[in-house]
Amino acid sequence: MTVVNTCQIAVFNEYILLILYTRWLVYTINEQIPERRSCLSSFRDMYLEIVECLNDVNKSIHGLTAIVVFIVANVAEIIDLIYCQVLFPREYETLLVYPLASSLTCATKVLILYMIGHSTEKEINRMSLVLHQRSVIERNPRIKRQIKFFLLRRLHEHFHFQLYGMCHINLRQLLILTNSAIGYLVIQILFKLNK
C-alpha cells in the first residue's frame, strides 16, 4: 500500500508541476506581448504550441490518471473515511483525528488540482484581453491586422481545461462533484439508519 501511495503522490506532483510550468509559460507570454519585446507571430506560435502541448498532456495517460487516481480515488476515500470511521465506526475506541486529517488531505489534493486547472484556464483565456489591449495601442496597421485576425480565431477557441476530453476542471465542476459526494453520503446514512 505504501508503494501505491508513493507512486500516486509522485504522479500527482509531476502532473501539478507540469501544469504549473505551462501556466507560467502562458503568463510570461501574456506579460511580454504589451511590452513589444518580440514579434507578435513568435508569441502566437509559442502560445499555440503551449496550448497544444497542454491538450496533449491532458488527453494522454496523465489525464486519465488525474481522473481515476486524483479525483475519483480521493473522493471515494473521503466518503469511506467519513462513513466508516467517523459516522459509523466499527470500533468505538478509535480517535477521530486520523480519519479527519486523512479526509482533509484528500480534499486538499482535489482542491489543489481544481484550483490549478481553473487558474491555468483563466490565464490562457486572458490572452484575448492582452491582445486586445495591444491592438489598441499598436500603430502599425499590419501588426494590428495580425492581432485582429488572431483575436478572431481565439474568439471561437475559448480554452476549457479538460482531462482526457471528458472531465472539465473548473470550480463549477468541483461544486457539482462535492454536491454529488454529499448526496451519496446522505443516501448511505439514510440506508444505514433504516436498517
# chains A, B, ... in the order shown; residues from 1 in each chain; ligands from 1
>>> select_by_dssp(residues="range 53-192 of chain A", states="helix (DSSP H, G or I)", output="PyMOL selection string")
chain A and resi 53-59+61-87+97-125+127-137+141-155+171-192
>>> select_by_dssp(residues="range 13-189 of chain A", states="strand (DSSP E or B)", output="PyMOL selection string")
chain A and resi 162-163+167-168
>>> closest_residue(among="A:Val136, A:Ile67, A:Leu95, A:Leu104", to="Ile169 in chain A", atoms="only C-alpha atoms")
A:Ile67
>>> residues_around(residues="range 159-167 of chain A", least_positions_apart="2", cutoff="8 Å", atoms="only C-alpha atoms", output="number ranges by chain")
A: 55, 58-60, 63-64, 66-67, 117-118, 120-121, 124-125, 157, 169-170
>>> atom_distance(atom1="CA of Asn30 in chain A", atom2="CA of Leu131 in chain A")
8.4 Å
>>> closest_residue(among="A:Ile147, A:Leu171, A:Leu155, A:Val11", to="Thr65 in chain A", atoms="only C-alpha atoms")
A:Val11
>>> closest_residue(among="A:Ile79, A:Leu54, A:Leu40, A:Val26", to="Ala181 in chain A", atoms="only C-alpha atoms")
A:Ile79
>>> closest_residue(among="A:His132, A:Lys122, A:His62, A:Arg44", to="Ile29 in chain A", atoms="only C-alpha atoms")
A:Arg44
>>> residues_around(residues="Tyr27 in chain A", least_positions_apart="3", cutoff="12 Å", atoms="only C-alpha atoms", output="list in words")
Leu20, Tyr21, Thr22, Arg23, Trp24, Asn30, Glu31, Gln32, Ile33, Phe43, Met46, Tyr47, Ile50, Ser119, Thr120, Glu121, Lys122, Glu123, Ile124, Asn125, Arg126, Met127 and Val130 of chain A
>>> atom_distance(atom1="CA of Gln188 in chain A", atom2="CA of Tyr83 in chain A")
8.1 Å
>>> atom_distance(atom1="CA of Ala101 in chain A", atom2="CA of Gln8 in chain A")
18.1 Å
>>> closest_residue(among="A:Leu193, A:Ile137, A:Leu96, A:Val75", to="Asn179 in chain A", atoms="only C-alpha atoms")
A:Val75
>>> closest_residue(among="A:His168, A:Phe150, A:Ala10, A:Arg37", to="Tyr114 in chain A", atoms="only C-alpha atoms")
A:His168
>>> residues_around(residues="Ile182 in chain A", least_positions_apart="4", cutoff="12 Å", atoms="only C-alpha atoms", output="PyMOL selection string")
chain A and resi 75-76+78-80+82-83+175-178+186-189
>>> write_last_selection(atoms="C-alpha atoms", output="PDB file, in the first residue's frame")
ATOM      1  CA  VAL A  75     -13.379  11.476  -3.253  1.00  0.00           C
ATOM      2  CA  ALA A  76     -14.081   7.783  -2.607  1.00  0.00           C
ATOM      3  CA  ILE A  78     -13.165  10.849   1.778  1.00  0.00           C
ATOM      4  CA  ILE A  79     -16.603   9.228   1.648  1.00  0.00           C
ATOM      5  CA  ASP A  80     -15.241   5.965   3.053  1.00  0.00           C
ATOM      6  CA  ILE A  82     -16.388   9.799   6.900  1.00  0.00           C
ATOM      7  CA  TYR A  83     -18.880   6.933   6.617  1.00  0.00           C
ATOM      8  CA  LEU A 175     -19.107  22.162  -6.722  1.00  0.00           C
ATOM      9  CA  ILE A 176     -21.066  19.544  -8.674  1.00  0.00           C
ATOM     10  CA  LEU A 177     -18.643  16.838  -7.522  1.00  0.00           C
ATOM     11  CA  THR A 178     -18.943  17.984  -3.909  1.00  0.00           C
ATOM     12  CA  VAL A 186     -26.579  11.220   2.882  1.00  0.00           C
ATOM     13  CA  ILE A 187     -28.229   8.342   0.985  1.00  0.00           C
ATOM     14  CA  GLN A 188     -25.847   5.846   2.592  1.00  0.00           C
ATOM     15  CA  ILE A 189     -26.562   7.283   6.036  1.00  0.00           C
TER      16      ILE A 189
END
